[in-house]
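Q: My questions all concern the structure below.
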Amino acid sequence: MNSPFQLSLSTIAEIVDARLVGNPDQLICGLAALQDAGPNQLSFLSSSQYRKYLGSTGAGAVLLTESDAGDFPGNALIVANPYVAYARLSHRFDPKPLAVPGIHPSAVVEADAQVDPTASIGPGAVISSGAQVGAGTVIGAQCFVGARSVVGSDGWLAPRVSIYHDVHIGDRVVIQSGAVLGSEGFGFANDRGHWEKIAQIGGVVVGDDVEIGANTTIDRGALAETRIGNGVKLDNQIHIAHNVHVGDHTAIAACVGISGSTRIGRHCTIAGGVGMVGHIEICDNVFVTGMTMVTRSITEPGAYSSGTAMQPAVEWRKSVARFRHLDSLAKKVQRLEKELMAVTRDSQGSSES
Amino acid sequence: MNSPFQLSLSTIAEIVDARLVGNPDQLICGLAALQDAGPNQLSFLSSSQYRKYLGSTGAGAVLLTESDAGDFPGNALIVANPYVAYARLSHRFDPKPLAVPGIHPSAVVEADAQVDPTASIGPGAVISSGAQVGAGTVIGAQCFVGARSVVGSDGWLAPRVSIYHDVHIGDRVVIQSGAVLGSEGFGFANDRGHWEKIAQIGGVVVGDDVEIGANTTIDRGALAETRIGNGVKLDNQIHIAHNVHVGDHTAIAACVGISGSTRIGRHCTIAGGVGMVGHIEICDNVFVTGMTMVTRSITEPGAYSSGTAMQPAVEWRKSVARFRHLDSLAKKVQRLEKELMAVTRDSQGSSES
Amino acid sequence: MNSPFQLSLSTIAEIVDARLVGNPDQLICGLAALQDAGPNQLSFLSSSQYRKYLGSTGAGAVLLTESDAGDFPGNALIVANPYVAYARLSHRFDPKPLAVPGIHPSAVVEADAQVDPTASIGPGAVISSGAQVGAGTVIGAQCFVGARSVVGSDGWLAPRVSIYHDVHIGDRVVIQSGAVLGSEGFGFANDRGHWEKIAQIGGVVVGDDVEIGANTTIDRGALAETRIGNGVKLDNQIHIAHNVHVGDHTAIAACVGISGSTRIGRHCTIAGGVGMVGHIEICDNVFVTGMTMVTRSITEPGAYSSGTAMQPAVEWRKSVARFRHLDSLAKKVQRLEKELMAVTRDSQGSSES
């Protein structure tokens with residue numbers, strides 16, 4: 001991808017508050033990894049495993065730390081955290097189309113909806129009665145915003161996002177395509193074998209600076225609200241059930257499922273494919289590794305896991321067969337311990353005699 | 001969420017067939033949990049773990065059983081099953097917007113589609129040639145209903161639902177946003193390393209009183225139909241492959257994947273994250289616990305599981321390392337048993353001598 | 001499903017290059033399994049487990065191999081690979097509606113988008129600035145094609161597919177409803193507890209003859225492209241993270257999650273529910289069984305697995321409890337081995353004395 005943007009190294013140094021060692025007039029048109037970058041591209045060294053590419057990189061300039069800069073003969077932008085500097089700078093080279101403020105003629109906006117004049121409503125989008133869209137926010141093509149729902153300022157909804165009624169979204173929130181917020185959670189009372197539906201009358205509250213991935217779904221609360229804290233980052237295809245709370249600055253990777261009424265703390269990291277049962281509490285600063293089944297509350301910060309490691313299938317089948325009889329194996333070992341103790345006692349007894 | 005609705009306790013008692021002990025004129029405007037409810041809200045006691053909140057609840061009235069009612073000084077609505085009574089009542093306090101009958105001017109309805117005059121077709125929805133929409137059914141904004149597909153009466157499709165062609169949906173079916181019914185299943189014949197696509201020419205048949213969650217996908221049959229029975233409840237992000245049958249009144253939680261041609265019985269409960277291989281049969285009244293890998297048919301009712309329990313990651317890594325060598329561990333134990341038997345025989349022999 | 005199509009056996013024999021034994025004028029109107037087929041339907045015998053139905057089938061004709069044909073008294077179409085022949089033929093009996101070339105009046109096509117006159121753009125679809133749609137390609141209702149994205153020739157996008165900007169899709173690509181290509185991947189730099197978003201400025205490149213399932217999501221690259229090779233088949237609800245490469249002719253079943261920058265080889269088969277960590281490489285011709293957690297690179301072709309097998313829950317709980325203490329069990333066995341060796345030595349010593 002070529003970016004239509006062009007910045008001088010002196011401008012870039014200002015943007016990321018870097019000390020520039022090299023040519024301030026060098027023009028940069030894009031970003032690339034060390035091993036891929038050309039003379040008009042900027043790169044970064046954020047991990048020692050990539051240092052091997054530093055000597056041979058063709059990059060026009062590199063973001064690096066003071067301690068790494070010594071090795072580098074090219075243009076260097078010296079910063080405290082090159083990865084964070086790259087993150088900040090990346091938005092200057094994003095080819096994502098800019099939306100034009102205003103309402104596309106094919107959009108359907110109810111008369112009593114409030115759309116800020118600086119907001120953009122894309123083709124085919126629907127803004128329902130009583131909904132509000134804040135300043136600078138882009139509602140992509142074919143999005144649906146339900147009755148009385150609020151999308152704060154400076155947000156971006158990619159095309160084809162569904163927001164049901166009574167969903168409150170903060171400022172600077174990004175929602176990827178296919179995501180659904182406010183869907184009716186899985187609430188049914190079992191009446192002699194038949195499932196009686198429970199209306200889901202709560203809403204969803206999403207904080208500021210939240211990111212929600214493609215095809216992720218967040219159900220509305222059964223009675224009160226489902227809550228996503230400030231700075232929370234949700235990857236693709238995540239399921240957040242009704243009444244869940246996710247604490248501030250927690251990051252959840254793709255394909256995670258969180259069951260109803262579970263509370264997750266602040267600054268947690270939940271890896272991909274994790275499943276959590278309902279009605280549990282996860283404290284702050286917990287890291288759950290990939291595909292873990294979380295079946296109970298976690299009260300101590302730290303890393304948690306379940307599952308088994310990958311093996312060649314032939315070997316794995318043997319492990320699996322033994323796993324099914326693990327209890328009897330453990331009992332055998334207990335019996336062996338007792339019997340051996342008896343033998344030892346006997347033989348000691350006989351040798352003592 | 002405040003509900004615009006207001007009902008007297010005498011009316012509520014009639015709706016749920018309750019015996020009222022207390023003030024029949026007390027007005028109720030909403031529902032809440034015991035610990036959250038205020039004087040204009042109704043609550044319920046459905047599980048003994050919440051009985052502790054009964055003494056201090058601020059609820060204007062509580063749904064409870066005869067046996068729990070004795071403890072309660074406030075307005076009591078005495079019913080056989082408070083949770084079912086709450087489920088029935090909840091719909092009276094649902095702030096979900098009511099759709100207006102008729103076809104929105106921005107919807108595209110083919111000339112030979114049959115839309116009941118009491119049905120509602122939302123903005124941007126597409127109703128294809130030969131499709132039928134029944135009485136009282138709401139097709140949400142931006143939904144797609146394919147050729148010859150039928151949606152029965154009194155159903156609700158949330159915005160942005162896809163129904164392909166030749167999908168038959170019963171009465172009172174609710175489908176959440178982003179769900180897809182009738183997509184082409186994963187059918188390919190391997191022709192010397194290349195995959196040759198098999199057209200998916202069957203349809204989908206969905207019974208009455210079914211609920212389908214957000215972003216759930218149900219593939220059409222390869223030759224015959226994929227079938228979802230009456231009263232089935234499907235949560236979010238479920239994958240139902242081609243030719244699957246799900247029996248009446250079975251409930252499936254979020255993130256479950258069912259592979260092709262598998263048959264699930266009636267009144268089963270499949271917890272979140274379960275995966276099932278194809279071409280197996282699950283009998284009636286089976287409960288599969290969360291994230292279980294179902295690799296064979298189940299012929300006896302009961303609960304089934306797989307996986308391992310969560311541990312701190314440091315301990316888990318040790319378990320996992322041992323799991324890989326479980327077969328050799330079991331063989332060691334067998335060897336130990338033999339050797340110990342030999343020793344015991346010897347020592348008995350020597351003591352007998 | 002009844003197909004409106006009708007072909008004679010002689011025509012069918014020509015299409016699939018079969019030797020016909022029987023009546024060339026027999027008319028076939030549809031396809032069905034051996035046990036379901038009627039006199040106007042064609043069936044096939046592709047696996048020995050279905051041979052039992054051959055004697056009693058009511059099919060008007062059967063696709064079978066030379067060696068199976070001997071047993072069969074009815075109309076036989078003899079081919080080298082009946083399943084591949086059925087695959088090729090199946091498209092002649094597909095009731096999927098044919099799209100009319102041209103742009104639906106309700107579609108929004110930017111002035112500088114290039115749509116081939118033989119392509120079809122469905123109701124409510126949006127084709128953005130600089131996008132291209134090739135000859136014979138069908139863009140379904142309510143699809144979104146982003147700026148500068150290219151969809152090749154003879155493809156089919158089902159209704160409600162999202163293609164972001166700068167996504168390049170080859171020829172004969174089929175994308176099911178709800179799929180998302182080019183969404184912004186999960187890239188954040190942690191700045192003292194807060195997540196700083198990294199713009200995702202790479203694109204997506206999809207080869208020829210690719211199939212992408214319903215609600216599958218493919219993130220765009222962070223810097224370079226996410227790449228899906230030729231002939232790749234992706235089932236429903238798959239998550240492909242940024243920078244992933246999937247090799248030619250690899251098939252991935254439903255609910256699989258592939259983390260960022262992982263490279264999968266050619267001709268691999270990844271079963272349902274598998275999860276892969278990021279930054280690993282899977283070589284060609286690998287088969288990963290269902291729900292496996294792939295935590296490291298695979299350098300040898302073959303089958304790989306993780307997890308445990310399903311048990312009745314009561315027995316499973318015992319296995320799980322023992323799994324948590326597997327390391328201490330293994331250590332006990334080591335201790336037992338040593339102690340027993342000592343006892344054996346002693347008893348041999350004493351018997352030798």
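Here, A, B, ... name the chains of the structure tokens in the order displayed, residue numbers run from 1 inside each chain, and ligands are numbered from 1 in the same displayed order.
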Could you please select, counting only C-alpha atoms, the residues of chain B within 7 Å of chain A and state them as a ChimeraX atom specification?
A: /B:1,31-32,83-84,87-88,90-91,94-96,124,176-178,214-215,231,235,249,255,267,273,307-313,316,320,323-327,330,333,337,344
Q: Hey, can you spit out that residue selection with C-alpha atoms as a CSV table (one decimal), in the first residue's frame?
A:
```csv
chain,number,residue,atom,x,y,z
B,1,MET,CA,-33.4,1.9,31.6
B,31,LEU,CA,-38.2,-4.6,37.0
B,32,ALA,CA,-35.0,-4.9,38.9
B,83,TYR,CA,-38.7,-17.0,37.5
B,84,VAL,CA,-41.2,-18.0,34.8
B,87,ALA,CA,-40.1,-14.0,32.2
B,88,ARG,CA,-43.8,-13.6,31.2
B,90,SER,CA,-40.7,-8.9,31.5
B,91,HIS,CA,-42.2,-8.2,28.0
B,94,ASP,CA,-39.5,-3.9,27.4
B,95,PRO,CA,-38.4,-0.6,25.9
B,96,LYS,CA,-37.8,-2.2,22.5
B,124,GLY,CA,-33.3,-0.6,3.5
B,176,GLN,CA,-30.9,-11.2,16.3
B,177,SER,CA,-28.7,-8.9,14.2
B,178,GLY,CA,-26.0,-10.3,12.0
B,214,ALA,CA,-26.5,-12.4,17.0
B,215,ASN,CA,-24.0,-13.4,14.3
B,231,GLY,CA,-38.7,-24.1,20.6
B,235,ASP,CA,-27.3,-18.0,21.5
B,249,HIS,CA,-36.6,-27.4,22.8
B,255,CYS,CA,-19.8,-19.9,20.3
B,267,HIS,CA,-34.3,-31.1,25.3
B,273,GLY,CA,-17.8,-23.1,23.2
B,307,GLY,CA,-10.9,-30.5,28.7
B,308,THR,CA,-8.8,-29.6,31.8
B,309,ALA,CA,-9.4,-27.1,34.6
B,310,MET,CA,-7.8,-23.8,34.9
B,311,GLN,CA,-4.6,-23.5,37.0
B,312,PRO,CA,-2.0,-20.8,37.6
B,313,ALA,CA,0.1,-20.9,34.4
B,316,TRP,CA,-0.3,-25.7,34.4
B,320,VAL,CA,1.0,-30.1,30.4
B,323,PHE,CA,0.4,-35.0,29.9
B,324,ARG,CA,2.6,-35.4,26.8
B,325,HIS,CA,4.3,-38.5,28.4
B,326,LEU,CA,1.2,-39.9,30.1
B,327,ASP,CA,1.4,-43.1,28.2
B,330,ALA,CA,1.2,-45.4,32.9
B,333,VAL,CA,3.3,-47.8,36.8
B,337,GLU,CA,3.3,-53.1,39.9
B,344,THR,CA,6.6,-59.2,47.5
```
Q: I want to know what sits within 7 Å of Gly136 in chain B, based on only C-alpha atoms, with residues of the same chain fewer than 4 positions away left out; could you give that as a CSV table (one decimal) with N, CA and C atoms, in the first residue's frame?
A:
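Wrote it out as around10.csv, contents follow:
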```csv
chain,number,residue,atom,x,y,z
B,118,THR,N,-50.2,-6.5,7.8
B,118,THR,CA,-49.9,-6.2,9.3
B,118,THR,C,-48.4,-6.4,9.6
B,119,ALA,N,-47.6,-6.8,8.6
B,119,ALA,CA,-46.2,-7.0,8.8
B,119,ALA,C,-45.5,-5.6,8.6
B,153,SER,N,-45.6,-15.9,11.0
B,153,SER,CA,-46.3,-14.8,11.6
B,153,SER,C,-45.7,-14.5,13.0
B,154,ASP,N,-45.9,-13.2,13.4
B,154,ASP,CA,-45.5,-12.7,14.7
B,154,ASP,C,-44.0,-12.9,15.0
```
Q: Leaving out Gly74 in chain A and any residue of its chain fewer than 3 positions from it, which residues lie within 9 Å of it when counting only C-alpha atoms, given as a PyMOL selection string?
A: chain A and resi 21-22+59-62
Q: Quick one: residues within 12 Å of Pro101 in chain A, only C-alpha atoms, excluding same-chain residues fewer than 6 positions away - as a count of residues only?
A: 17
Q: Could you list, as a count of residues only, every residue within 10 Å of Gly152 in chain C, counting only C-alpha atoms and ignoring same-chain residues fewer than 2 positions away?
A: 20
Q: Please report the interatomic distance between CA of Arg263 in chain B and CA of Leu63 in chain C in Å with one decimal.
A: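 Between CA of Arg263 in chain B and CA of Leu63 in chain C the gap works out to 26.6 Å.
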Q: Can you tell me, as an mmCIF file with all heavy atoms, in the first residue's frame, which residues in range 78-242 of chain B count as helix (DSSP H, G or I) by DSSP?
A:
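What follows is the written file states_9.cif:
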```
data_model
loop_
_atom_site.group_PDB
_atom_site.id
_atom_site.type_symbol
_atom_site.label_atom_id
_atom_site.label_comp_id
_atom_site.auth_asym_id
_atom_site.auth_seq_id
_atom_site.Cartn_x
_atom_site.Cartn_y
_atom_site.Cartn_z
ATOM 1 N N PRO B 82 -41.536 -18.232 40.373
ATOM 2 C CA PRO B 82 -41.293 -16.781 40.232
ATOM 3 C C PRO B 82 -40.458 -16.423 39.001
ATOM 4 O O PRO B 82 -40.668 -15.369 38.403
ATOM 5 C CB PRO B 82 -40.523 -16.423 41.515
ATOM 6 C CG PRO B 82 -40.879 -17.493 42.490
ATOM 7 C CD PRO B 82 -41.077 -18.741 41.673
ATOM 8 N N TYR B 83 -39.539 -17.296 38.590
ATOM 9 C CA TYR B 83 -38.682 -16.972 37.450
ATOM 10 C C TYR B 83 -39.486 -16.986 36.155
ATOM 11 O O TYR B 83 -39.342 -16.111 35.303
ATOM 12 C CB TYR B 83 -37.509 -17.963 37.384
ATOM 13 C CG TYR B 83 -36.330 -17.462 36.578
ATOM 14 C CD1 TYR B 83 -35.712 -16.248 36.878
ATOM 15 C CD2 TYR B 83 -35.809 -18.211 35.532
ATOM 16 C CE1 TYR B 83 -34.626 -15.783 36.148
ATOM 17 C CE2 TYR B 83 -34.719 -17.762 34.794
ATOM 18 C CZ TYR B 83 -34.136 -16.546 35.103
ATOM 19 O OH TYR B 83 -33.057 -16.100 34.369
ATOM 20 N N VAL B 84 -40.373 -17.965 36.022
ATOM 21 C CA VAL B 84 -41.242 -18.021 34.844
ATOM 22 C C VAL B 84 -42.221 -16.837 34.848
ATOM 23 O O VAL B 84 -42.470 -16.219 33.806
ATOM 24 C CB VAL B 84 -41.994 -19.371 34.779
ATOM 25 C CG1 VAL B 84 -43.093 -19.339 33.725
ATOM 26 C CG2 VAL B 84 -41.010 -20.517 34.513
ATOM 27 N N ALA B 85 -42.713 -16.492 36.031
ATOM 28 C CA ALA B 85 -43.631 -15.343 36.128
ATOM 29 C C ALA B 85 -42.913 -14.062 35.717
ATOM 30 O O ALA B 85 -43.453 -13.229 34.973
ATOM 31 C CB ALA B 85 -44.162 -15.225 37.552
ATOM 32 N N TYR B 86 -41.668 -13.917 36.181
ATOM 33 C CA TYR B 86 -40.852 -12.749 35.785
ATOM 34 C C TYR B 86 -40.639 -12.741 34.269
ATOM 35 O O TYR B 86 -40.752 -11.692 33.611
ATOM 36 C CB TYR B 86 -39.529 -12.779 36.564
ATOM 37 C CG TYR B 86 -38.348 -12.152 35.867
ATOM 38 C CD1 TYR B 86 -38.361 -10.823 35.446
ATOM 39 C CD2 TYR B 86 -37.188 -12.905 35.649
ATOM 40 C CE1 TYR B 86 -37.255 -10.261 34.816
ATOM 41 C CE2 TYR B 86 -36.085 -12.350 35.019
ATOM 42 C CZ TYR B 86 -36.129 -11.028 34.587
ATOM 43 O OH TYR B 86 -35.042 -10.494 33.960
ATOM 44 N N ALA B 87 -40.341 -13.915 33.693
ATOM 45 C CA ALA B 87 -40.133 -14.006 32.240
ATOM 46 C C ALA B 87 -41.361 -13.499 31.491
ATOM 47 O O ALA B 87 -41.260 -12.672 30.576
ATOM 48 C CB ALA B 87 -39.820 -15.450 31.841
ATOM 49 N N ARG B 88 -42.554 -13.968 31.916
ATOM 50 C CA ARG B 88 -43.797 -13.566 31.222
ATOM 51 C C ARG B 88 -44.030 -12.065 31.342
ATOM 52 O O ARG B 88 -44.412 -11.398 30.396
ATOM 53 C CB ARG B 88 -45.000 -14.303 31.828
ATOM 54 C CG ARG B 88 -44.934 -15.792 31.620
ATOM 55 C CD ARG B 88 -46.226 -16.404 31.091
ATOM 56 N NE ARG B 88 -45.880 -17.777 30.692
ATOM 57 C CZ ARG B 88 -46.155 -18.866 31.413
ATOM 58 N NH1 ARG B 88 -46.848 -18.780 32.534
ATOM 59 N NH2 ARG B 88 -45.767 -20.057 30.994
ATOM 60 N N LEU B 89 -43.783 -11.547 32.533
ATOM 61 C CA LEU B 89 -44.049 -10.151 32.828
ATOM 62 C C LEU B 89 -43.044 -9.215 32.160
ATOM 63 O O LEU B 89 -43.356 -8.067 31.837
ATOM 64 C CB LEU B 89 -43.975 -9.980 34.346
ATOM 65 C CG LEU B 89 -44.738 -8.838 34.984
ATOM 66 C CD1 LEU B 89 -46.193 -8.830 34.548
ATOM 67 C CD2 LEU B 89 -44.625 -8.978 36.498
ATOM 68 N N SER B 90 -41.838 -9.718 31.956
ATOM 69 C CA SER B 90 -40.750 -8.855 31.475
ATOM 70 C C SER B 90 -41.107 -8.152 30.170
ATOM 71 O O SER B 90 -40.706 -7.004 29.937
ATOM 72 C CB SER B 90 -39.468 -9.674 31.305
ATOM 73 O OG SER B 90 -39.610 -10.663 30.302
ATOM 74 N N HIS B 91 -41.893 -8.822 29.331
ATOM 75 C CA HIS B 91 -42.222 -8.242 28.027
ATOM 76 C C HIS B 91 -43.089 -6.996 28.162
ATOM 77 O O HIS B 91 -43.130 -6.168 27.259
ATOM 78 C CB HIS B 91 -42.894 -9.298 27.146
ATOM 79 C CG HIS B 91 -42.014 -10.496 26.955
ATOM 80 N ND1 HIS B 91 -41.072 -10.567 25.971
ATOM 81 C CD2 HIS B 91 -41.881 -11.635 27.687
ATOM 82 C CE1 HIS B 91 -40.403 -11.716 26.080
ATOM 83 N NE2 HIS B 91 -40.883 -12.379 27.112
ATOM 84 N N ARG B 92 -43.805 -6.837 29.304
ATOM 85 C CA ARG B 92 -44.615 -5.658 29.538
ATOM 86 C C ARG B 92 -43.755 -4.431 29.845
ATOM 87 O O ARG B 92 -44.250 -3.310 29.874
ATOM 88 C CB ARG B 92 -45.579 -5.888 30.712
ATOM 89 C CG ARG B 92 -46.602 -6.988 30.481
ATOM 90 C CD ARG B 92 -47.429 -6.672 29.224
ATOM 91 N NE ARG B 92 -48.535 -7.601 29.108
ATOM 92 C CZ ARG B 92 -49.799 -7.268 29.426
ATOM 93 N NH1 ARG B 92 -50.100 -6.054 29.836
ATOM 94 N NH2 ARG B 92 -50.750 -8.166 29.309
ATOM 95 N N PHE B 93 -42.473 -4.656 30.142
ATOM 96 C CA PHE B 93 -41.602 -3.532 30.516
ATOM 97 C C PHE B 93 -40.426 -3.387 29.547
ATOM 98 O O PHE B 93 -39.403 -2.812 29.868
ATOM 99 C CB PHE B 93 -41.106 -3.732 31.951
ATOM 100 C CG PHE B 93 -42.200 -3.710 32.957
ATOM 101 C CD1 PHE B 93 -42.787 -4.890 33.413
ATOM 102 C CD2 PHE B 93 -42.685 -2.492 33.429
ATOM 103 C CE1 PHE B 93 -43.823 -4.858 34.349
ATOM 104 C CE2 PHE B 93 -43.722 -2.457 34.356
ATOM 105 C CZ PHE B 93 -44.293 -3.642 34.817
#
```
Q: Could you jot down the CA of Arg266 in chain A to CA of Arg220 in chain A separation for me, Å, one decimal place?
A: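 Separation between CA of Arg266 in chain A and CA of Arg220 in chain A: 20.7 Å.
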Q: Can you tell me, as JSON, numbers by chain, which residues in range 103-244 of chain B count as strand (DSSP E) by DSSP?
A: {"B": [103, 108, 109, 114, 115, 120, 121, 126, 127, 132, 133, 138, 139, 144, 145, 150, 151, 156, 157, 162, 163, 167, 168, 169, 174, 175, 180, 181, 182, 183, 188, 189, 190, 191, 194, 195, 196, 197, 204, 205, 206, 211, 212, 217, 218, 219, 226, 227, 228, 233, 234, 239, 240]}
